[in-house]
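Printed here is coords-v5.txt (compact mmCIF, C-alpha atoms):
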```txt
# COMPACT_ATOMS: atom_id res chain seq x y z
CA MET A 245 83.21 48.46 52.23
CA ARG A 246 82.11 46.45 49.20
CA PRO A 247 80.35 43.11 49.88
CA PRO A 248 82.26 39.88 49.09
CA VAL A 249 82.27 38.61 45.49
CA ARG A 250 79.94 35.74 46.41
CA ASP A 251 77.35 38.16 47.78
CA ARG A 252 77.61 40.42 44.72
CA LEU A 253 77.06 37.43 42.43
CA ALA A 254 74.03 36.38 44.47
CA LEU A 255 72.56 39.86 44.13
CA ALA A 256 73.16 39.84 40.37
CA VAL A 257 71.65 36.38 39.86
CA ARG A 258 68.58 36.94 42.06
CA PRO A 259 66.54 38.86 39.42
CA VAL A 260 67.27 36.17 36.83
CA VAL A 261 66.11 33.46 39.25
CA ARG A 262 62.91 35.38 39.98
CA ARG A 263 62.17 35.69 36.25
CA ALA A 264 62.88 31.99 35.71
CA ARG A 265 60.36 31.10 38.40
CA ARG A 266 57.73 33.09 36.52
CA LEU A 267 58.20 30.99 33.38
CA SER A 268 55.27 28.75 32.56
CA ALA A 269 55.57 25.02 31.95
CA ALA A 270 55.35 25.69 28.21
CA ASP A 271 58.17 28.25 28.44
CA ARG A 272 60.40 25.80 30.26
CA SER A 273 59.57 23.03 27.79
CA ALA A 274 60.46 25.33 24.90
CA LEU A 275 63.81 26.18 26.50
CA GLU A 276 64.51 22.52 27.22
CA LEU A 277 63.77 21.61 23.62
CA TRP A 278 66.02 24.41 22.44
CA LEU A 279 68.96 23.29 24.58
CA LEU A 280 68.48 19.58 23.87
CA THR A 281 68.34 20.11 20.11
CA ARG A 282 71.41 22.39 20.27
CA MET A 283 73.27 19.60 22.03
CA GLY A 284 72.01 17.13 19.46
CA VAL A 285 73.20 19.25 16.55
CA ALA A 286 76.62 19.62 18.18
CA VAL A 287 76.86 15.85 18.72
CA VAL A 288 75.90 15.13 15.10
CA ALA A 289 78.47 17.61 13.79
CA THR A 290 81.20 16.18 16.03
CA ALA A 291 80.34 12.56 15.22
CA ALA A 292 80.29 13.31 11.49
CA ALA A 293 83.76 14.83 11.73
CA ALA A 294 85.01 11.75 13.53
CA VAL A 295 83.48 9.25 11.12
CA LEU A 296 83.39 10.92 7.72
CA VAL A 297 86.11 12.52 5.65
CA ARG A 298 84.55 15.09 3.38
CA GLY A 299 85.20 18.73 2.68
CA ASN A 300 85.90 20.70 5.83
CA LEU A 301 84.67 18.09 8.31
CA GLN A 302 88.19 17.59 9.65
CA GLU A 303 88.60 21.27 10.45
CA PRO A 304 88.18 22.50 14.04
CA PHE A 305 84.60 22.62 15.32
CA LEU A 306 84.31 26.41 15.23
CA ASP A 307 85.69 26.65 11.70
CA ARG A 308 83.13 24.12 10.50
CA TRP A 309 80.36 26.41 11.76
CA THR A 310 81.90 29.51 10.19
CA GLN A 311 80.66 28.95 6.64
CA TRP A 312 78.96 31.02 3.96
CA ASP A 313 76.96 33.92 5.43
CA VAL A 314 78.66 33.60 8.82
CA ASP A 315 81.98 34.62 7.25
CA LEU A 316 80.34 37.61 5.59
CA LEU A 317 78.53 38.77 8.72
CA ILE A 318 81.78 38.59 10.66
CA GLU A 319 83.52 40.52 7.88
CA ILE A 320 80.94 43.31 8.10
CA ALA A 321 81.24 43.39 11.89
CA ARG A 322 85.02 43.70 11.65
CA PHE A 323 85.51 46.02 8.70
CA GLY A 324 82.14 47.53 7.80
CA TYR A 325 80.45 47.35 4.41
CA GLU A 326 83.65 48.07 2.51
CA GLY A 327 84.83 44.60 3.51
CA ASP A 328 88.28 43.29 4.35
CA PRO A 329 90.83 45.85 3.03
CA SER A 330 93.24 43.05 2.14
CA GLU A 331 90.69 41.46 -0.21
CA GLY A 332 89.07 44.50 -1.79
CA PRO A 333 85.41 45.60 -1.72
CA ASP A 334 82.73 42.92 -1.84
CA PRO A 335 79.73 44.22 -3.82
CA GLY A 336 77.40 41.73 -2.12
CA LEU A 337 77.90 42.87 1.48
CA PRO A 338 75.20 45.59 1.50
CA ALA A 339 72.65 42.81 0.93
CA PHE A 340 73.02 42.03 4.67
CA PHE A 341 71.18 44.27 7.11
CA PRO A 342 73.24 45.70 9.99
CA GLY A 343 71.44 44.26 13.03
CA PHE A 344 73.45 41.06 13.38
CA PRO A 345 76.87 42.61 12.58
CA LEU A 346 76.27 45.47 15.05
CA LEU A 347 75.30 43.05 17.81
CA LEU A 348 78.22 40.80 16.89
CA ARG A 349 80.62 43.71 17.22
CA ALA A 350 79.17 44.51 20.65
CA VAL A 351 79.41 40.90 21.86
CA HIS A 352 82.98 40.73 20.55
CA VAL A 353 83.96 43.28 23.19
CA VAL A 354 83.26 40.58 25.80
CA VAL A 355 83.87 37.45 23.69
CA PRO A 356 87.12 37.93 21.71
CA ASP A 357 86.58 35.04 19.29
CA TRP A 358 84.30 36.20 16.47
CA ARG A 359 83.16 32.64 15.74
CA ILE A 360 82.08 31.99 19.32
CA ALA A 361 80.39 35.39 19.50
CA ALA A 362 78.30 34.59 16.40
CA LEU A 363 77.24 31.20 17.80
CA LEU A 364 76.44 32.78 21.16
CA ILE A 365 74.11 35.33 19.55
CA SER A 366 72.16 32.58 17.82
CA LEU A 367 72.07 30.53 21.03
CA VAL A 368 70.61 33.31 23.18
CA ALA A 369 68.37 34.76 20.47
CA GLY A 370 67.02 31.31 19.65
CA ALA A 371 66.06 30.73 23.28
CA VAL A 372 64.09 33.99 23.29
CA ALA A 373 62.45 33.10 19.98
CA MET A 374 61.37 29.63 21.14
CA VAL A 375 59.71 30.99 24.28
CA ALA A 376 57.90 33.58 22.15
CA LEU A 377 56.78 30.91 19.66
CA ALA A 378 55.50 28.69 22.47
CA ARG A 379 53.51 31.58 23.92
CA LEU A 380 52.18 32.60 20.52
CA GLY A 381 51.08 29.02 19.82
CA ASP A 382 49.19 28.74 23.08
CA HIS A 383 47.66 32.17 22.50
CA GLU A 384 46.40 31.24 19.02
CA GLY A 385 45.70 27.52 19.22
CA PRO A 386 44.53 24.83 21.63
CA PRO A 387 46.65 24.04 24.71
CA GLY A 388 49.88 22.33 23.76
CA THR A 389 50.15 24.00 20.37
CA GLY A 390 53.14 26.13 21.34
CA VAL A 391 55.50 23.37 22.47
CA ARG A 392 54.60 21.22 19.47
CA ALA A 393 55.25 24.15 17.13
CA VAL A 394 58.66 24.68 18.76
CA ALA A 395 59.55 21.00 18.35
CA ALA A 396 58.49 21.03 14.69
CA LEU A 397 60.61 24.09 13.97
CA LEU A 398 63.69 22.83 15.81
CA LEU A 399 63.57 19.44 14.08
CA SER A 400 62.91 20.86 10.62
CA PRO A 401 65.64 20.28 8.00
CA MET A 402 66.62 23.95 7.87
CA ALA A 403 66.99 24.28 11.64
CA VAL A 404 70.75 23.96 11.17
CA PHE A 405 70.69 27.71 10.51
CA LEU A 406 69.30 28.37 13.98
CA PHE A 407 72.47 26.84 15.42
CA ALA A 408 74.90 28.59 13.09
CA GLY A 409 75.72 32.28 13.37
CA TYR A 410 73.08 33.29 10.83
CA SER A 411 70.53 36.07 11.29
CA GLU A 412 67.41 33.87 11.38
CA ALA A 413 67.44 33.22 15.15
CA LEU A 414 67.99 36.91 15.90
CA PHE A 415 65.19 37.96 13.55
CA LEU A 416 62.77 35.51 15.17
CA ALA A 417 63.80 36.78 18.61
CA CYS A 418 62.54 40.22 17.54
CA ALA A 419 59.69 39.35 15.16
CA LEU A 420 57.89 36.69 17.23
CA PRO A 421 57.58 38.93 20.32
CA ALA A 422 56.41 41.74 18.01
CA TRP A 423 53.65 39.54 16.62
CA LEU A 424 52.64 38.17 20.02
CA LEU A 425 52.50 41.66 21.53
CA ALA A 426 50.44 42.89 18.58
CA ARG A 427 48.00 40.01 18.97
CA GLN A 428 47.64 41.07 22.62
CA GLY A 429 46.99 44.68 21.59
CA ARG A 430 50.25 45.99 23.08
CA TRP A 431 51.15 48.07 20.07
CA GLU A 432 53.84 50.27 21.61
CA LEU A 433 56.05 47.33 22.55
CA ALA A 434 55.16 45.48 19.35
CA ALA A 435 56.39 48.46 17.35
CA LEU A 436 59.73 48.51 19.17
CA CYS A 437 60.27 44.79 18.57
CA GLY A 438 59.29 45.31 14.93
CA LEU A 439 61.87 48.10 14.69
CA ALA A 440 64.56 45.70 15.92
CA ALA A 441 63.44 43.02 13.44
CA GLY A 442 63.66 45.54 10.61
CA LEU A 443 67.32 46.14 11.41
CA VAL A 444 68.13 42.43 11.11
CA ARG A 445 66.61 41.38 7.77
CA ILE A 446 64.65 42.83 4.86
CA THR A 447 61.88 40.51 6.08
CA GLY A 448 61.31 43.12 8.78
CA LEU A 449 59.77 45.33 6.11
CA PHE A 450 57.20 42.64 5.31
CA LEU A 451 56.57 42.23 9.03
CA ALA A 452 55.91 45.98 9.33
CA VAL A 453 53.31 45.85 6.55
CA ALA A 454 51.69 42.77 8.12
CA LEU A 455 51.47 44.55 11.48
CA VAL A 456 49.54 47.36 9.79
CA VAL A 457 47.15 44.81 8.28
CA LEU A 458 46.75 43.13 11.67
CA PHE A 459 46.00 46.50 13.26
CA LEU A 460 43.36 47.38 10.67
CA THR A 461 41.62 44.00 10.87
CA ARG A 462 41.24 43.96 14.66
CA ARG A 463 38.01 45.20 16.19
CA PRO A 464 37.68 47.70 17.65
CA ILE A 465 40.47 49.64 15.94
CA ALA A 466 42.48 51.68 18.45
CA TRP A 467 43.11 54.61 16.12
CA ARG A 468 45.09 56.59 18.69
CA LYS A 469 47.78 53.90 18.54
CA LEU A 470 48.09 54.00 14.76
CA PRO A 471 51.22 56.26 14.79
CA HIS A 472 53.14 53.52 16.58
CA LEU A 473 52.92 51.40 13.43
CA ALA A 474 55.29 53.75 11.61
CA VAL A 475 58.12 52.71 13.94
CA PRO A 476 58.83 49.24 12.43
CA PHE A 477 59.36 50.86 9.03
CA LEU A 478 62.20 53.01 10.40
CA GLY A 479 64.68 50.11 10.54
CA PRO A 480 64.58 49.15 6.84
CA ALA A 481 64.13 52.79 5.77
CA GLY A 482 67.10 53.91 7.85
CA TYR A 483 69.37 51.18 6.52
CA LEU A 484 68.41 51.77 2.88
CA ALA A 485 68.96 55.52 3.40
CA TYR A 486 72.37 54.81 4.93
CA GLN A 487 73.45 52.71 1.96
CA TRP A 488 72.18 55.42 -0.40
CA TRP A 489 74.29 57.97 1.49
CA ARG A 490 77.30 55.64 1.56
CA THR A 491 77.22 54.58 -2.11
CA GLY A 492 75.25 57.29 -3.87
CA ASP A 493 73.01 54.53 -5.25
CA MET A 494 69.34 54.79 -4.27
CA ARG A 495 69.01 51.08 -5.12
CA ALA A 496 72.12 50.04 -3.18
CA TRP A 497 70.48 47.04 -1.52
CA GLN A 498 69.05 45.70 -4.79
CA THR A 499 72.32 46.46 -6.57
CA ALA A 500 74.13 44.33 -3.98
CA GLN A 501 71.68 41.50 -4.63
CA GLU A 502 72.34 41.73 -8.35
CA ARG A 503 76.12 42.23 -8.34
CA GLY A 504 76.94 40.04 -5.37
CA TRP A 505 74.39 37.25 -5.70
CA GLY A 506 73.04 37.43 -9.24
CA ARG A 507 69.49 38.04 -7.96
CA SER A 508 67.90 40.43 -10.42
CA LEU A 509 64.13 40.89 -10.65
CA VAL A 510 62.46 38.77 -13.34
CA PRO A 511 58.91 37.55 -14.05
CA PRO A 512 58.01 34.65 -11.71
CA TRP A 513 57.57 32.17 -14.57
CA GLU A 514 61.09 32.89 -15.77
CA SER A 515 62.45 32.36 -12.27
CA PHE A 516 60.57 29.06 -12.02
CA GLN A 517 61.91 27.86 -15.37
CA THR A 518 65.50 28.70 -14.41
CA THR A 519 65.20 26.92 -11.08
CA TRP A 520 63.47 23.89 -12.58
CA HIS A 521 66.21 23.54 -15.17
CA SER A 522 68.88 23.84 -12.46
CA ALA A 523 67.10 21.22 -10.35
CA PHE A 524 66.40 18.63 -13.04
CA GLY A 525 68.31 19.62 -16.15
CA LEU A 526 71.77 19.83 -14.63
CA ASP A 527 73.88 17.59 -12.42
CA ASN A 528 76.14 19.45 -9.98
CA ASP A 529 76.59 20.17 -6.28
CA PHE A 530 73.59 22.53 -6.25
CA THR A 531 71.06 20.22 -7.94
CA VAL A 532 69.57 18.90 -4.70
CA ALA A 533 69.53 22.39 -3.19
CA PHE A 534 67.44 23.69 -6.08
CA ARG A 535 64.98 20.82 -5.63
CA VAL A 536 64.64 21.82 -1.99
CA GLU A 537 63.94 25.39 -3.13
CA LEU A 538 61.11 24.17 -5.36
CA VAL A 539 59.54 22.16 -2.55
CA ALA A 540 59.81 25.12 -0.16
CA ALA A 541 58.25 27.44 -2.75
CA ALA A 542 55.32 25.04 -3.19
CA ILE A 543 54.83 24.88 0.59
CA GLY A 544 54.87 28.67 0.75
CA VAL A 545 52.27 29.06 -2.01
CA LEU A 546 49.98 26.44 -0.46
CA LEU A 547 50.37 27.95 2.99
CA THR A 548 49.55 31.44 1.73
CA GLY A 549 46.47 30.13 -0.06
CA TRP A 550 45.37 28.31 3.09
CA LEU A 551 45.80 31.46 5.18
CA LEU A 552 43.79 33.48 2.67
CA ALA A 553 41.02 30.88 2.71
CA ARG A 554 40.90 31.17 6.49
CA ARG A 555 40.81 34.99 6.25
CA ARG A 556 44.11 35.33 8.08
CA TRP A 557 44.83 38.56 6.27
CA ALA A 558 47.85 39.68 8.30
CA GLU A 559 49.64 36.33 8.20
CA SER A 560 48.95 35.90 4.47
CA THR A 561 50.35 39.40 3.90
CA TYR A 562 53.54 38.49 5.75
CA LEU A 563 53.95 35.26 3.78
CA GLY A 564 52.74 36.64 0.45
CA LEU A 565 55.16 39.57 0.40
CA GLN A 566 58.07 37.26 1.14
CA LEU A 567 57.04 34.89 -1.64
CA ALA A 568 56.59 37.76 -4.10
CA ALA A 569 60.18 38.82 -3.45
CA LEU A 570 61.63 35.30 -3.45
CA LEU A 571 59.73 34.00 -6.48
CA GLY A 572 60.49 37.11 -8.50
CA SER A 573 64.24 36.65 -8.20
CA ALA A 574 66.36 35.40 -11.11
CA PHE A 575 66.29 31.96 -9.49
CA TYR A 576 65.03 30.50 -6.24
CA LEU A 577 67.56 31.05 -3.47
CA SER A 578 67.21 30.49 0.28
CA ILE A 579 63.46 29.87 0.17
CA GLY A 580 64.06 26.70 2.17
CA ARG A 581 65.88 28.71 4.82
CA ALA A 582 63.10 31.30 4.78
CA THR A 583 60.66 28.64 6.02
CA LEU A 584 62.25 29.13 9.45
CA LEU A 585 60.65 32.58 9.52
CA TRP A 586 57.16 31.36 8.56
CA TRP A 587 55.69 30.97 12.03
CA PRO A 588 52.15 30.40 10.66
CA LEU A 589 53.53 27.15 9.22
CA TRP A 590 54.94 25.97 12.55
CA LEU A 591 51.80 27.02 14.41
CA ALA A 592 49.69 25.03 11.94
CA ILE A 593 51.90 21.99 12.50
CA GLY A 594 51.61 22.57 16.24
CA VAL A 595 47.81 22.46 15.99
CA LEU A 596 48.15 19.30 13.90
CA GLY A 597 50.21 17.82 16.74
CA VAL A 598 47.36 18.43 19.18
CA ARG A 599 44.60 17.12 16.92
CA ARG A 600 46.40 14.38 14.98
CA PRO A 601 49.40 13.31 17.06
CA ARG A 602 50.27 10.30 14.90
CA THR A 603 50.48 12.38 11.74
CA TYR A 604 52.54 14.94 13.62
CA LEU A 605 54.99 12.32 14.90
CA ALA A 606 55.29 10.90 11.39
CA LEU A 607 56.27 14.35 10.10
CA LEU A 608 58.92 14.68 12.79
CA ALA A 609 60.25 11.21 12.04
CA LEU A 610 60.61 12.20 8.39
CA SER A 611 62.20 15.53 9.23
CA VAL A 612 64.92 14.43 11.66
CA PRO A 613 67.06 12.44 9.15
CA LEU A 614 66.89 15.41 6.75
CA LEU A 615 68.09 17.70 9.53
CA VAL A 616 71.01 15.37 10.24
CA LEU A 617 71.90 15.40 6.55
CA GLN A 618 71.76 19.20 6.49
CA VAL A 619 74.04 19.46 9.53
CA VAL A 620 76.62 17.19 7.92
CA THR A 621 76.40 19.06 4.62
CA PHE A 622 76.72 22.50 6.21
CA THR A 623 79.65 21.59 8.43
CA SER A 624 81.46 20.06 5.45
CA GLY A 625 81.21 23.30 3.50
CA GLY A 626 78.33 22.26 1.26
CA TRP A 627 75.53 24.62 0.22
CA THR A 628 72.36 23.92 2.19
CA GLY A 629 70.34 27.04 1.49
```

Turn the structure described in the file into structure tokens.
Amino acid sequence: MRPPVRDRLALAVRPVVRRARRLSAADRSALELWLLTRMGVAVVATAAAAVLVRGNLQEPFLDRWTQWDVDLLIEIARFGYEGDPSEGPDPGLPAFFPGFPLLLRAVHVVVPDWRIAALLISLVAGAVAMVALARLGDHEGPPGTGVRAVAALLLSPMAVFLFAGYSEALFLACALPAWLLARQGRWELAALCGLAAGLVRITGLFLAVALVVLFLTRRPIAWRKLPHLAVPFLGPAGYLAYQWWRTGDMRAWQTAQERGWGRSLVPPWESFQTTWHSAFGLDNDFTVAFRVELVAAAIGVLLTGWLLARRRWAESTYLGLQLAALLGSAFYLSIGRATLLWWPLWLAIGVLGVRRPRTYLALLALSVPLLVLQVVTFTSGGWTG
């Protein structure tokens, strides 16, 4: 005879409770910050819809969060890379890696609403990522670094994309544990997490290279574990091979960037000139966004230089490869959003919070209004990065 439903639920919940009890104070603080900021973002979006009349703010809550890339990720999950048959092929879809759409399709089996499923993935993945960031901060910096790094990330202007059904939260949920495990010398598990990250975003390829650099710069070098470092490359390689098989184009991912998003490869000075002109020589809905891209690019260059000066070879590799790709595009696009993936930046701010708390609090005070503005802009259908 099967036990009553209440007893079965108690048995199912017991392992989760045991794991929760093993969480450190920093882990719990990171989760609390994550949930509190998610509630704050939801309140801001709801209040803006009630007070303001602009764009799509008067649409239902879920529709306001199903903008831009979210629509495209849902389209891939539903129809594959050929896109919605009723609308014809979208040449830009192969620019998105399959990790998020595959997970979205799996979650949809349990959660019928695609919009809720996308938000749920970001909610759960973000919680995992924040715990990993808190642990990484306390592993690399003085006590208290981790929680302060989490707060800085969650209150940053681009943190709106950690709430929305974008791939950033899922990538961080794979990449941050990979980096933490690698720093602890647990290369087998780090490689598996890196493999998952490489299925979510092209950034996983840069992570894989950085893991190799981290491996080679640690002493002593555990040469017998070197083969594990091939695993993170399998995600990007497998996806690019799939698109080659599907389209017959060896450059299918880059072709999608060019045809779908206008992002061809150009010399970095040409990209800078185009972006500068768009930021200060034109006056349209994207002018402010291009200015944000320029600021983010400057932060990235300064951060990479700082990491190099401190001989942080692995972290500077991770940042430098991203910047090389982003600054060599026809124009700057989504560099501001990419800052969410630059955990060396948030760890540095976390250390600043320990050593110079007033400066840290001033940064947060400056950041929060910008985050509010980004939430309102995104939920009204505006381009925010």

Of the listed residues A:Leu348, A:Leu451, A:Ala274, A:Val285, that which approaches Ala408 of chain A most closely, counting all atoms listed in the file: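 Going through A:Leu348, A:Leu451, A:Ala274, A:Val285 one by one, the smallest distance to Ala408 of chain A is for A:Val285.
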
Spatial neighbours of segment 608-614 of chain A, 12 Å, only C-alpha atoms, chain gap at least 3 places, as a PyMOL selection string: chain A and resi 281+284-285+288+392-404+536+590+593-594+596-597+601-605+617-621+628

Residue with smallest distance to Asp315 of chain A - pool A:Gly332, A:Tyr576, A:Arg555, A:Gly625, counting only C-alpha atoms: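 Using only C-alpha atoms, the shortest distance to Asp315 of chain A belongs to A:Gly625.
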
Best match for closeness to Ala376 of chain A among A:Leu509, A:Leu425, A:Ala496, A:Ala452, counting only C-alpha atoms: A:Leu425

Pairwise distance for atom CA of Leu443 of chain A and atom CA of Pro342 of chain A, rounded to one decimal in Å: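 Interatomic distance here is 6.1 Å.
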
Counting all atoms listed in the file, the residue of A:Gly580, A:Pro588, A:Pro386, A:Gly506 that sits nearest Trp550 of chain A: A:Pro588

Protein, DNA and RNA residues within 8 Å of (66.7, 40.8, -5.5), all atoms listed in the file, as JSON, numbers by chain: {"A": [498, 501, 502, 507, 508, 509, 569, 570, 572, 573, 574]}

Mind giving me the axis-aligned box for segment 510-518 of chain A with 4 Å on every side, centre plus edges in Å to one decimal, as lines of an AutoDock Vina configuration file?
```
center_x = 61.5
center_y = 33.3
center_z = -13.7
size_x = 15.9
size_y = 18.9
size_z = 12.1
```

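For the residues A:Leu584, A:Leu275, A:Val453, A:Val532, ranking by smallest atom-to-atom distance to Val375 of chain A using all atoms listed in the file places A:Leu275 first.
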
File output for segment 418-437 of chain A (N, CA and C atoms) as a compact mmCIF listing (two decimals), in the first residue's frame:
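Here's the written file part37.txt:
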```txt
# COMPACT_ATOMS: atom_id res chain seq x y z
N CYS A 418 25.89 28.17 -15.16
CA CYS A 418 26.82 27.13 -15.60
C CYS A 418 28.27 27.60 -15.49
N ALA A 419 28.53 28.83 -15.90
CA ALA A 419 29.91 29.33 -15.98
C ALA A 419 30.52 29.62 -14.61
N LEU A 420 29.75 30.21 -13.71
CA LEU A 420 30.29 30.55 -12.39
C LEU A 420 30.68 29.29 -11.59
N PRO A 421 29.82 28.26 -11.55
CA PRO A 421 30.28 27.02 -10.90
C PRO A 421 31.50 26.42 -11.59
N ALA A 422 31.57 26.52 -12.93
CA ALA A 422 32.74 26.00 -13.65
C ALA A 422 34.01 26.71 -13.17
N TRP A 423 33.94 28.02 -13.04
CA TRP A 423 35.12 28.79 -12.63
C TRP A 423 35.49 28.50 -11.18
N LEU A 424 34.48 28.44 -10.32
CA LEU A 424 34.73 28.15 -8.91
C LEU A 424 35.35 26.76 -8.74
N LEU A 425 34.81 25.77 -9.43
CA LEU A 425 35.34 24.41 -9.34
C LEU A 425 36.77 24.35 -9.88
N ALA A 426 37.03 25.09 -10.94
CA ALA A 426 38.39 25.12 -11.49
C ALA A 426 39.35 25.77 -10.51
N ARG A 427 38.93 26.84 -9.85
CA ARG A 427 39.79 27.49 -8.86
C ARG A 427 40.08 26.56 -7.69
N GLN A 428 39.17 25.61 -7.44
CA GLN A 428 39.36 24.65 -6.36
C GLN A 428 40.11 23.40 -6.83
N GLY A 429 40.47 23.37 -8.14
CA GLY A 429 41.18 22.22 -8.67
C GLY A 429 40.32 21.03 -8.99
N ARG A 430 39.02 21.21 -9.06
CA ARG A 430 38.09 20.10 -9.35
C ARG A 430 37.75 20.14 -10.84
N TRP A 431 38.71 19.72 -11.64
CA TRP A 431 38.65 19.93 -13.08
C TRP A 431 37.59 19.09 -13.79
N GLU A 432 37.29 17.92 -13.28
CA GLU A 432 36.29 17.08 -13.95
C GLU A 432 34.93 17.76 -13.93
N LEU A 433 34.52 18.21 -12.73
CA LEU A 433 33.22 18.88 -12.62
C LEU A 433 33.25 20.24 -13.31
N ALA A 434 34.36 20.94 -13.24
CA ALA A 434 34.48 22.23 -13.91
C ALA A 434 34.28 22.06 -15.42
N ALA A 435 34.83 20.99 -15.97
CA ALA A 435 34.69 20.74 -17.40
C ALA A 435 33.24 20.49 -17.79
N LEU A 436 32.50 19.75 -16.95
CA LEU A 436 31.09 19.49 -17.25
C LEU A 436 30.26 20.76 -17.20
N CYS A 437 30.52 21.60 -16.20
CA CYS A 437 29.81 22.88 -16.13
C CYS A 437 30.18 23.77 -17.32
```
